[in-house]
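To start, the structure itself, in structure tokens.
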Amino acid sequence: MRVMEPKRFELPPGRAEEGFQDKKPLYTPAEAVAEANRCLYCSEAPCIQACPTAINIPEFIRKIGTGNTQGAARTILSANILGQSCAQVCPVEVLCAGSCVYTGWGREPINIGRLQRFAVEATLARKPNLFQAKPPTGKRIALVGSGPASIAAAGLLALEGHTCIIHERKAIPGGLNSLGIAPYKLKGPEALRELEWILSLGRIELRTGVEVVEQAQGPGQVSASELLASHDAVFLGLGLGADSRLGIPGEEGEGVQGATHLIERIKTEAGLKLQGVQRALVIGGGNTALDIAHELALLGVEVGMVYRRSEKEMGGYVHELEGARLDGVRLVENRQPVEILREGGKVVAVKLAATRDGKPVPGTEEQVPAELVVMAIGQERATGVARAFPGVELDARGRVKVEPATHRTGNAKVWSGGDCVNGGKEVVNAAAEAKIAVRDMQRHLAGE
Amino acid sequence: MADLSIDFCGVRSPNPFWLASAPPTNTGDQVMRAFDAGWGGAVWKTLGNPIVNVTSRFGGIDYGNTRLMGLNNIELITDRPLEVNLREMREVKRRYPKHTLIASLMVETKEEWREIIRKAEDTGADLLELNFGCPHGMCERGMGSAVGAEPKVLEEIARWAMEFAKVPVIIKLTPNVGDILEPGEAAVRAGVPAVSLINTVKSLMGVDLDRMVPLPRVGNASTNGGYCGPAVKPIALHLMSQLSRHPACGKLAISGIGGISHWRDAAEFIALGATSVQVCTAVMHYGYRIVEDMIEGLSDFLDEKGMKSVSELRGRAVPAYREWGELDLSYKLVAKIDADKCIGCQLCYVACMDGSHQCIHLPGRTEEESRRAGHTHIPKDIPHRGVTAKAGTPGARVPFVDEQECVGCNLCQLVCPVPECISMAEVPSGQPPETWNDRVAKGTDFVPGGLEATVAARKRSS
Ligand SMILES: Cc1cc2nc3c(=O)[nH]c(=O)nc-3n(C[C@H](O)[C@H](O)[C@H](O)COP(=O)(O)OP(=O)(O)OC[C@H]3O[C@@H](n4cnc5c(N)ncnc54)[C@H](O)[C@@H]3O)c2cc1C
Ligand SMILES: Cc1cc2nc3c(=O)[nH]c(=O)nc-3n(C[C@H](O)[C@H](O)[C@H](O)COP(=O)(O)O)c2cc1C
Ligand code: SF4
Ligand code: SF4
Ligand code: SF4
């Protein structure tokens, strides 16, 4: 197979996401050098230990300071091939920057994410030949899903000289990186440009609109058994499934949307209008709930976030809640929706009950007006197909079981990583897990 | 309030803060604004026969986020007509009679010196400063540092000046010499009452790596310039102190120059023997306004130390500047880390590991790990101290100093980013004070373990 011409994936113009401004815009060179010079260049630096991909942070920051921007990008990308999107989407407050010695010192930590973005973005814009794929090995690897886990794995495998064929059921590749990340962090086209750069690294073919299923019924589907038979190894990067539902009266019908579904529309749909929506209630207390609440607030909607426990028990990050509040999101703690009220089919209000220990207390219901209700209470599993690979097992929570040190599943030819394994973490975890898996796949493919 | 006024060779100055001969003293307008801001004196930009300058003229060196740690220039003496300068000097002296006006001069022949000294004195200048220091351009024409580096020539011209001048003469020295005492002693022989130092240090500021031309660039070439600014202060302090503690040169009045930016720098120069100090780079960087802090800071400092005047501070630190052979070999310091201040950056660790004596340890390592990291001496107990919540990152460790092995070099303290986190504590060595010179006197100035030839020679001579 010839090396694929870098294909470009386009999103339609006029998307709502285009109106969002970066919360952490690209540094100018002068800003980057000034910030880099603030870094202490710690030895045994705690920031490295806090990075799931263990990027040598002091080293790349020092290189920015000396004007060696390309070297900085090399340091970053050789530890984390998704260095561009991670720079923009990582919750640095709880990862590297949260561990920066300045944080403990009570001072502003180094803006590691923004420095990383500067180094990678400035370098990739110049289309350098940072990495050279090894000569073809003739080995073929199938990857299921084109989210960060699969893309990172494919890039690393391609650099080893293997041929990768990625199967993505959606028309737009990239998984949640292109379809789910808050647009004030990373917009769809930015994720797609990074993805295209990785595809250009070696022999990678990306097939969109192809779903891997247990038993293919027709075009657009491929059977698990067929993948296994025609490839030397398989990587499952399935991510998570559709938004979960509460199952309360009034939930079916327009005006109630799943959070990731609505975010995907904000990011991909041309001319999306939230007609007649002035007030929205977001149900949930995790980061997805915070993201959609924050995005709706920035679109001018009055947003209440309804969480069934107290603020301090929320799963979402403190810094994300802070940011959402600054943009107008209101948190309604210790409440749970018990019914969605409609008039003429349209949502007009939600009946909320007070909760004790996360359970509704009867007789405490009150009506809160809203035209839009967004369910952000979690995502279902999309891992059913994994079982179609003999030997692959799921745990009680529907996650693909792997050996932690190798990310190999119960099938000796199948590896897995990302949200479908860890139950839903960050892009950087998907990248880190892909790295572990590829290291082991490489040993296996080399016949060790 | 302490008296900041000084007596420099009989000339009274309102304070010891003078502007050095440089762009800040180019014109009368500038000097008058400087006097209004609080400067006590000004050495006018060097007068002589008119010259032409090139573009560009300055190069800077930054360190991290700090700009102009050092500055270099390739400009020559004043590029204005002599008469204009003289007229403005006269005007300044008329309007500011109590301020100190110093004429800086650089010409070649005896007759030129005679004429320029007369003209300078006619303006009412209080002092003359002979520029024997400029290390670029003018020296190629036999002036500036070409004079300063030739004690005989220096002495001869200084004698002419002493013959012609009615006001006291200062000789401005160049640091671009092997031994500063040679020009210093020549100045003493010529009978001048004062010296000023340092002029700039010969330098190239860098290279434009795209054009392959050194900096600062003039078209497609460059030339060496004179280096000054904060980076040269230690060099200036050393050269000046060499003169201060010299029996003959130490009697001269000294105007200290080189990297002075604030009152503390000034106090240090005065403590090492300066009567007045001169400033150029800091003013070129921040403007005349910096003198406010200099006046206030020095005044408060003198009050705090119970000194009534600047002259009480002058030379106080000179006696403590000794030869290496006079230092106490029994004095011992060790590094102490304040666990409550440490932020866990491990910079002290890596500095001591790679740049000193491998005696800072990271807690939580096995002996095997410590040896692999490069330690040869492993202390019995390495306490595991986590960085405290108040100042530090969870999980970060406070390094541990093996005091037995610490040589007290200061390195860790110098690299630690947290003020007062590492201190150097005096520990009793159990030995009476003893210097190397004491050992020489006693004949015990021998450390075993050296060369065979040395040992053999020692045997022969004893
Ligand atoms: C709203 C939201 C916001 C987020 N914000 C951040 C953030 O700011 N920072 C951060 O680091 N992380 C964030 N995350 C998490 C992050 O997006 C995920 O951890 C990451 O995308 C996981 O990558 P993945 O490859 O495992 O899965 P995914 O990104 O979900 O990709 C899986 C892909 O596999 C495809 N697929 C699944 N099954 C099949 C099949 N059978 N056949 C073919 N294709 C299939 C899917 O269509 C999808 O494209 C966010 C997540 C959400 C939901
Ligand atoms: C602590 C210290 C000790 C030094 N000892 C020596 C020495 O014994 N012999 C020598 O030739 N240079 C010695 N040097 C000078 C260095 O080799 C080097 O020339 C100087 O530090 C300038 O380089 P740098 O400022 O770029 O580090 C020493 C420097 C330092 C800082
Ligand atoms: S901990 Fe902070 S200061 Fe230290 S190396 Fe990392 S980013 Fe730089
Ligand atoms: S003073 Fe010098 S030898 Fe002692 S611990 Fe610090 S760096 Fe090491
Ligand atoms: S340099 Fe200072 S702050 Fe850093 S680890 Fe050492 S003692 Fe702690």
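Residue numbering restarts at 1 in every chain; chains get A, B, ... in the order shown in the structure tokens, and ligands count up from 1 in that same order.
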- Task: List all protein, DNA and RNA residues that have at least one atom no more than 7 Å from any atom of ligand 3, counting only C-alpha atoms and all ligand atoms, and write them as a list in words.
- Result: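 The residues within 7 Å of ligand 3, counting only C-alpha atoms and all ligand atoms, are Cys39, Leu40, Tyr41, Cys42, Ala45, Pro46, Cys47, Ile48, Ile57, Pro58, Ala97, Ser99, Cys100, Val101, Tyr102, Pro109, Ile110 and Ile112 of chain A; Cys345 of chain B.
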How would the residues just picked look written out with N, CA, C and O atoms as a CSV table (one decimal), in the first residue's frame?
chain,number,residue,atom,x,y,z
A,39,CYS,N,10.2,29.2,34.5
A,39,CYS,CA,10.3,27.8,34.9
A,39,CYS,C,11.6,27.6,35.6
A,39,CYS,O,12.7,28.1,35.1
A,40,LEU,N,11.6,26.9,36.7
A,40,LEU,CA,12.9,26.7,37.5
A,40,LEU,C,13.8,25.6,36.9
A,40,LEU,O,14.9,25.4,37.4
A,41,TYR,N,13.3,24.8,36.0
A,41,TYR,CA,14.0,23.7,35.4
A,41,TYR,C,14.4,22.7,36.5
A,41,TYR,O,15.5,22.4,36.7
A,42,CYS,N,13.3,22.4,37.3
A,42,CYS,CA,13.5,21.5,38.4
A,42,CYS,C,14.2,20.2,38.0
A,42,CYS,O,14.0,19.7,36.9
A,45,ALA,N,11.6,16.6,38.4
A,45,ALA,CA,10.5,17.6,38.5
A,45,ALA,C,9.1,16.9,38.8
A,45,ALA,O,8.8,15.9,38.1
A,46,PRO,N,8.4,17.4,39.8
A,46,PRO,CA,7.1,16.9,40.1
A,46,PRO,C,6.1,17.0,38.9
A,46,PRO,O,5.2,16.2,38.8
A,47,CYS,N,6.2,18.0,38.1
A,47,CYS,CA,5.3,18.1,37.0
A,47,CYS,C,5.4,16.9,36.0
A,47,CYS,O,4.4,16.5,35.5
A,48,ILE,N,6.6,16.4,35.8
A,48,ILE,CA,6.7,15.2,34.9
A,48,ILE,C,6.0,14.1,35.5
A,48,ILE,O,5.3,13.3,34.8
A,57,ILE,N,8.9,17.9,30.9
A,57,ILE,CA,8.4,19.3,30.9
A,57,ILE,C,9.6,20.3,31.1
A,57,ILE,O,9.7,21.2,30.3
A,58,PRO,N,10.4,20.2,32.1
A,58,PRO,CA,11.5,21.2,32.3
A,58,PRO,C,12.3,21.2,31.0
A,58,PRO,O,12.8,22.3,30.6
A,97,ALA,N,0.4,21.2,36.0
A,97,ALA,CA,0.5,22.5,36.6
A,97,ALA,C,0.1,22.4,38.1
A,97,ALA,O,0.6,23.2,38.9
A,99,SER,N,0.9,20.2,40.0
A,99,SER,CA,2.0,19.7,40.7
A,99,SER,C,3.2,20.6,40.6
A,99,SER,O,4.3,20.3,41.2
A,100,CYS,N,3.1,21.6,39.9
A,100,CYS,CA,4.3,22.5,39.7
A,100,CYS,C,4.7,23.0,41.1
A,100,CYS,O,3.8,23.4,41.9
A,101,VAL,N,6.0,23.1,41.3
A,101,VAL,CA,6.4,23.6,42.6
A,101,VAL,C,5.9,25.0,43.0
A,101,VAL,O,5.7,25.3,44.1
A,102,TYR,N,5.7,25.8,41.9
A,102,TYR,CA,5.1,27.1,42.2
A,102,TYR,C,3.7,27.0,42.9
A,102,TYR,O,3.4,27.9,43.7
A,109,PRO,N,1.3,28.8,39.0
A,109,PRO,CA,2.2,27.7,38.4
A,109,PRO,C,2.6,28.1,37.0
A,109,PRO,O,1.9,29.0,36.4
A,110,ILE,N,3.6,27.4,36.4
A,110,ILE,CA,3.9,27.6,35.1
A,110,ILE,C,2.8,27.2,34.2
A,110,ILE,O,2.1,26.2,34.4
A,112,ILE,N,2.0,25.4,31.8
A,112,ILE,CA,2.7,24.3,31.0
A,112,ILE,C,1.9,24.0,29.7
A,112,ILE,O,2.4,23.8,28.6
B,345,CYS,N,12.0,21.5,44.6
B,345,CYS,CA,12.4,21.6,43.2
B,345,CYS,C,13.7,20.8,42.9
B,345,CYS,O,14.0,20.6,41.7
- Item | Surrounding residues of Asp243 (chain A) excluding itself and chain neighbours under 5 positions, 12 Å, only C-alpha atoms, as a list of chain:residue names | A:Val256, A:Gln257, A:Gly258, A:Ala259, A:Thr260, A:His261, A:Leu262, A:Ile263, A:Glu264, A:Ile283, A:Gly284, A:Thr288, A:Ala289, A:Val374, A:Met375, A:Ala376, A:Ile377, A:Gly378, A:Gln379, A:Glu380, A:Arg381, A:Ala382
For the residues in that selection, give me N, CA and C atoms as a JSON list (two decimals), in the first residue's frame.
[["chain", "number", "residue", "atom", "x", "y", "z"],
["A", 256, "VAL", "N", -35.43, 17.75, 25.18],
["A", 256, "VAL", "CA", -34.55, 17.02, 26.10],
["A", 256, "VAL", "C", -33.44, 16.39, 25.26],
["A", 257, "GLN", "N", -32.21, 16.72, 25.58],
["A", 257, "GLN", "CA", -31.11, 16.21, 24.77],
["A", 257, "GLN", "C", -30.02, 15.63, 25.66],
["A", 258, "GLY", "N", -29.31, 14.67, 25.09],
["A", 258, "GLY", "CA", -28.12, 14.14, 25.78],
["A", 258, "GLY", "C", -26.99, 15.15, 25.62],
["A", 259, "ALA", "N", -26.14, 15.23, 26.65],
["A", 259, "ALA", "CA", -25.09, 16.26, 26.65],
["A", 259, "ALA", "C", -24.11, 16.07, 25.50],
["A", 260, "THR", "N", -23.58, 14.86, 25.33],
["A", 260, "THR", "CA", -22.55, 14.71, 24.28],
["A", 260, "THR", "C", -23.18, 14.89, 22.90],
["A", 261, "HIS", "N", -24.45, 14.50, 22.79],
["A", 261, "HIS", "CA", -25.15, 14.68, 21.53],
["A", 261, "HIS", "C", -25.27, 16.17, 21.20],
["A", 262, "LEU", "N", -25.67, 16.96, 22.20],
["A", 262, "LEU", "CA", -25.84, 18.40, 21.97],
["A", 262, "LEU", "C", -24.49, 19.07, 21.69],
["A", 263, "ILE", "N", -23.46, 18.63, 22.43],
["A", 263, "ILE", "CA", -22.12, 19.20, 22.20],
["A", 263, "ILE", "C", -21.68, 18.89, 20.77],
["A", 264, "GLU", "N", -21.94, 17.67, 20.33],
["A", 264, "GLU", "CA", -21.56, 17.29, 18.97],
["A", 264, "GLU", "C", -22.27, 18.19, 17.95],
["A", 283, "ILE", "N", -28.59, 18.45, 33.77],
["A", 283, "ILE", "CA", -28.70, 17.49, 34.87],
["A", 283, "ILE", "C", -27.39, 16.71, 34.97],
["A", 284, "GLY", "N", -26.71, 16.82, 36.12],
["A", 284, "GLY", "CA", -25.46, 16.08, 36.31],
["A", 284, "GLY", "C", -24.44, 16.92, 37.06],
["A", 288, "THR", "N", -18.69, 16.61, 32.01],
["A", 288, "THR", "CA", -19.52, 16.78, 30.81],
["A", 288, "THR", "C", -20.66, 17.75, 31.11],
["A", 289, "ALA", "N", -21.26, 17.61, 32.29],
["A", 289, "ALA", "CA", -22.32, 18.53, 32.70],
["A", 289, "ALA", "C", -21.78, 19.95, 32.77],
["A", 374, "VAL", "N", -30.86, 19.18, 29.54],
["A", 374, "VAL", "CA", -29.73, 18.41, 28.98],
["A", 374, "VAL", "C", -29.32, 17.35, 29.99],
["A", 375, "MET", "N", -29.31, 16.11, 29.53],
["A", 375, "MET", "CA", -28.95, 15.00, 30.40],
["A", 375, "MET", "C", -27.44, 14.76, 30.32],
["A", 376, "ALA", "N", -26.78, 14.96, 31.46],
["A", 376, "ALA", "CA", -25.33, 14.74, 31.50],
["A", 376, "ALA", "C", -25.02, 13.85, 32.70],
["A", 377, "ILE", "N", -25.70, 12.70, 32.73],
["A", 377, "ILE", "CA", -25.56, 11.83, 33.90],
["A", 377, "ILE", "C", -24.69, 10.63, 33.60],
["A", 378, "GLY", "N", -23.99, 10.70, 32.47],
["A", 378, "GLY", "CA", -23.08, 9.60, 32.16],
["A", 378, "GLY", "C", -23.35, 9.08, 30.76],
["A", 379, "GLN", "N", -22.44, 8.18, 30.33],
["A", 379, "GLN", "CA", -22.59, 7.60, 29.00],
["A", 379, "GLN", "C", -22.68, 6.10, 29.13],
["A", 380, "GLU", "N", -23.43, 5.53, 28.21],
["A", 380, "GLU", "CA", -23.52, 4.08, 28.19],
["A", 380, "GLU", "C", -22.24, 3.49, 27.64],
["A", 381, "ARG", "N", -22.17, 2.16, 27.69],
["A", 381, "ARG", "CA", -20.97, 1.49, 27.17],
["A", 381, "ARG", "C", -21.16, 1.16, 25.70],
["A", 382, "ALA", "N", -20.08, 1.23, 24.96],
["A", 382, "ALA", "CA", -20.13, 0.85, 23.55],
["A", 382, "ALA", "C", -19.26, -0.37, 23.34]]
- Please extract the residues at most 8 Å from ligand 1, counting only C-alpha atoms and all ligand atoms, and provide them as number ranges by chain, using the chain letters and residue numbers of this document. A: 86, 88-91, 144-151, 167-170, 172-177, 180-182, 185, 209-213, 237-241, 259-260, 263, 287-289, 291-292, 382-383, 385, 417-421, 424-430
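For Ala324 (chain A), the list of residues within 12 Å, based on only C-alpha atoms and with local chain neighbours fewer than 6 positions off taken out, reads Lys23, Ala182, Tyr184, Asn287, Thr288, Ala289, Leu290, Asp291, Ile292, Ala293, His294, Glu295, Leu296, Ala297, Leu298, Glu302, Val303, Gly304, Met305, Gly316, Tyr317, Val318, Arg330 and Leu331 of chain A.
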For N, CA and C atoms, I'd like the residues from the last selection saved as an mmCIF file, in the first residue's frame.
data_model
loop_
_atom_site.group_PDB
_atom_site.id
_atom_site.type_symbol
_atom_site.label_atom_id
_atom_site.label_comp_id
_atom_site.auth_asym_id
_atom_site.auth_seq_id
_atom_site.Cartn_x
_atom_site.Cartn_y
_atom_site.Cartn_z
ATOM 1 N N LYS A 23 -10.087 30.076 25.580
ATOM 2 C CA LYS A 23 -9.829 30.557 26.942
ATOM 3 C C LYS A 23 -8.322 30.667 27.162
ATOM 4 N N ALA A 182 -14.897 20.960 24.668
ATOM 5 C CA ALA A 182 -15.471 22.309 24.723
ATOM 6 C C ALA A 182 -14.756 23.207 23.719
ATOM 7 N N TYR A 184 -14.123 26.273 23.514
ATOM 8 C CA TYR A 184 -13.195 27.314 23.981
ATOM 9 C C TYR A 184 -11.839 26.729 24.344
ATOM 10 N N ASN A 287 -17.828 16.483 34.663
ATOM 11 C CA ASN A 287 -17.208 17.444 33.746
ATOM 12 C C ASN A 287 -18.005 17.654 32.468
ATOM 13 N N THR A 288 -18.693 16.607 32.012
ATOM 14 C CA THR A 288 -19.516 16.783 30.812
ATOM 15 C C THR A 288 -20.657 17.755 31.109
ATOM 16 N N ALA A 289 -21.257 17.605 32.293
ATOM 17 C CA ALA A 289 -22.317 18.528 32.700
ATOM 18 C C ALA A 289 -21.777 19.952 32.768
ATOM 19 N N LEU A 290 -20.586 20.110 33.381
ATOM 20 C CA LEU A 290 -19.991 21.446 33.483
ATOM 21 C C LEU A 290 -19.711 22.019 32.101
ATOM 22 N N ASP A 291 -19.221 21.167 31.190
ATOM 23 C CA ASP A 291 -18.884 21.649 29.851
ATOM 24 C C ASP A 291 -20.122 22.151 29.115
ATOM 25 N N ILE A 292 -21.178 21.337 29.065
ATOM 26 C CA ILE A 292 -22.344 21.760 28.283
ATOM 27 C C ILE A 292 -23.013 22.964 28.946
ATOM 28 N N ALA A 293 -23.014 22.977 30.295
ATOM 29 C CA ALA A 293 -23.590 24.130 30.986
ATOM 30 C C ALA A 293 -22.819 25.398 30.616
ATOM 31 N N HIS A 294 -21.507 25.275 30.642
ATOM 32 C CA HIS A 294 -20.634 26.412 30.339
ATOM 33 C C HIS A 294 -20.832 26.862 28.882
ATOM 34 N N GLU A 295 -20.904 25.885 27.980
ATOM 35 C CA GLU A 295 -21.078 26.222 26.561
ATOM 36 C C GLU A 295 -22.419 26.918 26.329
ATOM 37 N N LEU A 296 -23.489 26.396 26.963
ATOM 38 C CA LEU A 296 -24.799 27.029 26.797
ATOM 39 C C LEU A 296 -24.791 28.447 27.350
ATOM 40 N N ALA A 297 -24.107 28.612 28.501
ATOM 41 C CA ALA A 297 -24.041 29.954 29.092
ATOM 42 C C ALA A 297 -23.352 30.911 28.130
ATOM 43 N N LEU A 298 -22.280 30.437 27.492
ATOM 44 C CA LEU A 298 -21.566 31.301 26.549
ATOM 45 C C LEU A 298 -22.394 31.572 25.293
ATOM 46 N N GLU A 302 -29.586 31.091 29.915
ATOM 47 C CA GLU A 302 -29.504 31.132 31.369
ATOM 48 C C GLU A 302 -29.468 29.681 31.859
ATOM 49 N N VAL A 303 -28.383 29.292 32.494
ATOM 50 C CA VAL A 303 -28.189 27.862 32.770
ATOM 51 C C VAL A 303 -28.169 27.554 34.259
ATOM 52 N N GLY A 304 -28.972 26.571 34.649
ATOM 53 C CA GLY A 304 -28.889 26.018 35.994
ATOM 54 C C GLY A 304 -28.365 24.597 35.880
ATOM 55 N N MET A 305 -27.468 24.244 36.784
ATOM 56 C CA MET A 305 -26.922 22.893 36.755
ATOM 57 C C MET A 305 -27.471 22.159 37.963
ATOM 58 N N GLY A 316 -17.088 16.832 38.890
ATOM 59 C CA GLY A 316 -16.437 17.809 38.000
ATOM 60 C C GLY A 316 -15.337 18.557 38.736
ATOM 61 N N TYR A 317 -14.388 19.074 37.941
ATOM 62 C CA TYR A 317 -13.248 19.770 38.535
ATOM 63 C C TYR A 317 -13.652 21.111 39.120
ATOM 64 N N VAL A 318 -13.029 21.427 40.253
ATOM 65 C CA VAL A 318 -13.277 22.707 40.921
ATOM 66 C C VAL A 318 -12.983 23.869 39.965
ATOM 67 N N ARG A 330 -25.289 28.618 37.101
ATOM 68 C CA ARG A 330 -25.729 28.586 38.495
ATOM 69 C C ARG A 330 -25.841 27.126 38.915
ATOM 70 N N LEU A 331 -25.288 26.790 40.067
ATOM 71 C CA LEU A 331 -25.361 25.399 40.524
ATOM 72 C C LEU A 331 -26.560 25.230 41.459
#
- Item | Who sits within 8 Å of region 14-31 of chain B, only C-alpha atoms, same chain under 3 positions skipped, as a ChimeraX atom specification | /B:4-6,34-35,39-46,78,85,88-89,91-92,98-100,104,257,275-280,283-284,291,294-295
- Message: Counting only C-alpha atoms and all ligand atoms, which residue out of B:Gly38, B:Gly178, B:Pro168, B:Gly355 sits closest to ligand 2?
- Response: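 Checking each of B:Gly38, B:Gly178, B:Pro168, B:Gly355 against ligand 2, counting only C-alpha atoms and all ligand atoms, the winner is B:Gly355.
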- Item | Site check for ligand 2: residues at most 10 Å away, only C-alpha atoms and all ligand atoms, as number ranges by chain | B: 355-356, 409, 411
Write a file of the just-selected residues containing C-alpha atoms, as a compact mmCIF listing (two decimals), in the first residue's frame.
# COMPACT_ATOMS: atom_id res chain seq x y z
CA GLY B 355 28.60 20.65 40.40
CA SER B 356 29.87 20.07 43.90
CA CYS B 409 30.80 25.81 49.18
CA LEU B 411 26.42 26.35 45.71
- Task: From a DSSP pass on the backbone, collect the residues of region 235-375 of chain B flagged as strand (DSSP E) and hand them back as a list in words.
- Result: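 After running DSSP on the backbone, region 235-375 of chain B has strand (DSSP E) at Ala253, Ile254, Ser255, Gly256, Ile257, Ser276, Val277, Gln278, Val279, Leu333, Val334, Ala335, Lys336, Ile337, Ile360 and His361 of chain B.
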- DSSP-assigned alpha helix (DSSP H) members of region 242-351 of chain A, reported as number ranges by chain: A: 259-268, 287-298, 318-326
Restricting it to N, CA and C atoms, dump the selection as a compact mmCIF listing (two decimals), in the first residue's frame.
# COMPACT_ATOMS: atom_id res chain seq x y z
N ALA A 259 -26.14 15.23 26.65
CA ALA A 259 -25.09 16.26 26.65
C ALA A 259 -24.11 16.07 25.50
N THR A 260 -23.58 14.86 25.33
CA THR A 260 -22.55 14.71 24.28
C THR A 260 -23.18 14.89 22.90
N HIS A 261 -24.45 14.50 22.79
CA HIS A 261 -25.15 14.68 21.53
C HIS A 261 -25.27 16.17 21.20
N LEU A 262 -25.67 16.96 22.20
CA LEU A 262 -25.84 18.40 21.97
C LEU A 262 -24.49 19.07 21.69
N ILE A 263 -23.46 18.63 22.43
CA ILE A 263 -22.12 19.20 22.20
C ILE A 263 -21.68 18.89 20.77
N GLU A 264 -21.94 17.67 20.33
CA GLU A 264 -21.56 17.29 18.97
C GLU A 264 -22.27 18.19 17.95
N ARG A 265 -23.55 18.52 18.23
CA ARG A 265 -24.28 19.41 17.32
C ARG A 265 -23.66 20.81 17.31
N ILE A 266 -23.28 21.30 18.52
CA ILE A 266 -22.66 22.63 18.60
C ILE A 266 -21.38 22.65 17.78
N LYS A 267 -20.70 21.51 17.78
CA LYS A 267 -19.39 21.47 17.12
C LYS A 267 -19.45 21.15 15.64
N THR A 268 -20.57 20.55 15.19
CA THR A 268 -20.56 20.09 13.80
C THR A 268 -21.70 20.62 12.94
N ASN A 287 -17.83 16.48 34.66
CA ASN A 287 -17.21 17.44 33.75
C ASN A 287 -18.00 17.65 32.47
N THR A 288 -18.69 16.61 32.01
CA THR A 288 -19.52 16.78 30.81
C THR A 288 -20.66 17.75 31.11
N ALA A 289 -21.26 17.61 32.29
CA ALA A 289 -22.32 18.53 32.70
C ALA A 289 -21.78 19.95 32.77
N LEU A 290 -20.59 20.11 33.38
CA LEU A 290 -19.99 21.45 33.48
C LEU A 290 -19.71 22.02 32.10
N ASP A 291 -19.22 21.17 31.19
CA ASP A 291 -18.88 21.65 29.85
C ASP A 291 -20.12 22.15 29.12
N ILE A 292 -21.18 21.34 29.07
CA ILE A 292 -22.34 21.76 28.28
C ILE A 292 -23.01 22.96 28.95
N ALA A 293 -23.01 22.98 30.29
CA ALA A 293 -23.59 24.13 30.99
C ALA A 293 -22.82 25.40 30.62
N HIS A 294 -21.51 25.28 30.64
CA HIS A 294 -20.63 26.41 30.34
C HIS A 294 -20.83 26.86 28.88
N GLU A 295 -20.90 25.89 27.98
CA GLU A 295 -21.08 26.22 26.56
C GLU A 295 -22.42 26.92 26.33
N LEU A 296 -23.49 26.40 26.96
CA LEU A 296 -24.80 27.03 26.80
C LEU A 296 -24.79 28.45 27.35
N ALA A 297 -24.11 28.61 28.50
CA ALA A 297 -24.04 29.95 29.09
C ALA A 297 -23.35 30.91 28.13
N LEU A 298 -22.28 30.44 27.49
CA LEU A 298 -21.57 31.30 26.55
C LEU A 298 -22.39 31.57 25.29
N VAL A 318 -13.03 21.43 40.25
CA VAL A 318 -13.28 22.71 40.92
C VAL A 318 -12.98 23.87 39.96
N HIS A 319 -11.87 23.76 39.21
CA HIS A 319 -11.51 24.89 38.34
C HIS A 319 -12.50 25.05 37.20
N GLU A 320 -13.11 23.94 36.76
CA GLU A 320 -14.11 24.03 35.69
C GLU A 320 -15.40 24.66 36.23
N LEU A 321 -15.76 24.30 37.46
CA LEU A 321 -16.96 24.90 38.05
C LEU A 321 -16.75 26.41 38.22
N GLU A 322 -15.56 26.75 38.70
CA GLU A 322 -15.23 28.16 38.87
C GLU A 322 -15.38 28.94 37.55
N GLY A 323 -14.81 28.34 36.50
CA GLY A 323 -14.87 28.98 35.18
C GLY A 323 -16.31 29.10 34.69
N ALA A 324 -17.09 28.04 34.89
CA ALA A 324 -18.48 28.05 34.43
C ALA A 324 -19.28 29.11 35.17
N ARG A 325 -19.01 29.20 36.48
CA ARG A 325 -19.72 30.21 37.28
C ARG A 325 -19.40 31.61 36.81
N LEU A 326 -18.13 31.84 36.50
CA LEU A 326 -17.73 33.17 36.04
C LEU A 326 -18.50 33.56 34.78
- Would you kindly return, as a list in words, each protein, DNA or RNA residue with an atom no farther than 8 Å from any atom of region 153-160 of chain A, considering only C-alpha atoms and excluding same-chain residues fewer than 3 positions away?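 In the requested form, the answer reads Ile81, Phe131, Gln132, Ala133, Lys134, Pro135, Thr137, Leu143, Ala149, Ser150, Thr163, Cys164, Ile166, Ile198, Leu199, Leu201, Gly202, Arg203, Ile204, Phe235, Ala431, Ala434, Lys435, Ala437, Val438 and Gln442 of chain A.
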- Could you list, as a list of chain:residue names, all the residues within 6 Å of ligand 4, counting only C-alpha atoms and all ligand atoms? B:Val334, B:Ala335, B:Cys352, B:Ser356, B:His357, B:Cys359, B:Ile360, B:Val401, B:Cys406, B:Val407, B:Gly408, B:Cys409, B:Asn410, B:Leu411, B:Cys412
- Task: Using only C-alpha atoms and all ligand atoms, find each protein or nucleic acid residue lying at most 9 Å from ligand 5; present the set as a PyMOL selection string.
- Result: (chain A and resi 42-43+101) or (chain B and resi 336-339+341-351+360+387+392+396-400+412-422)
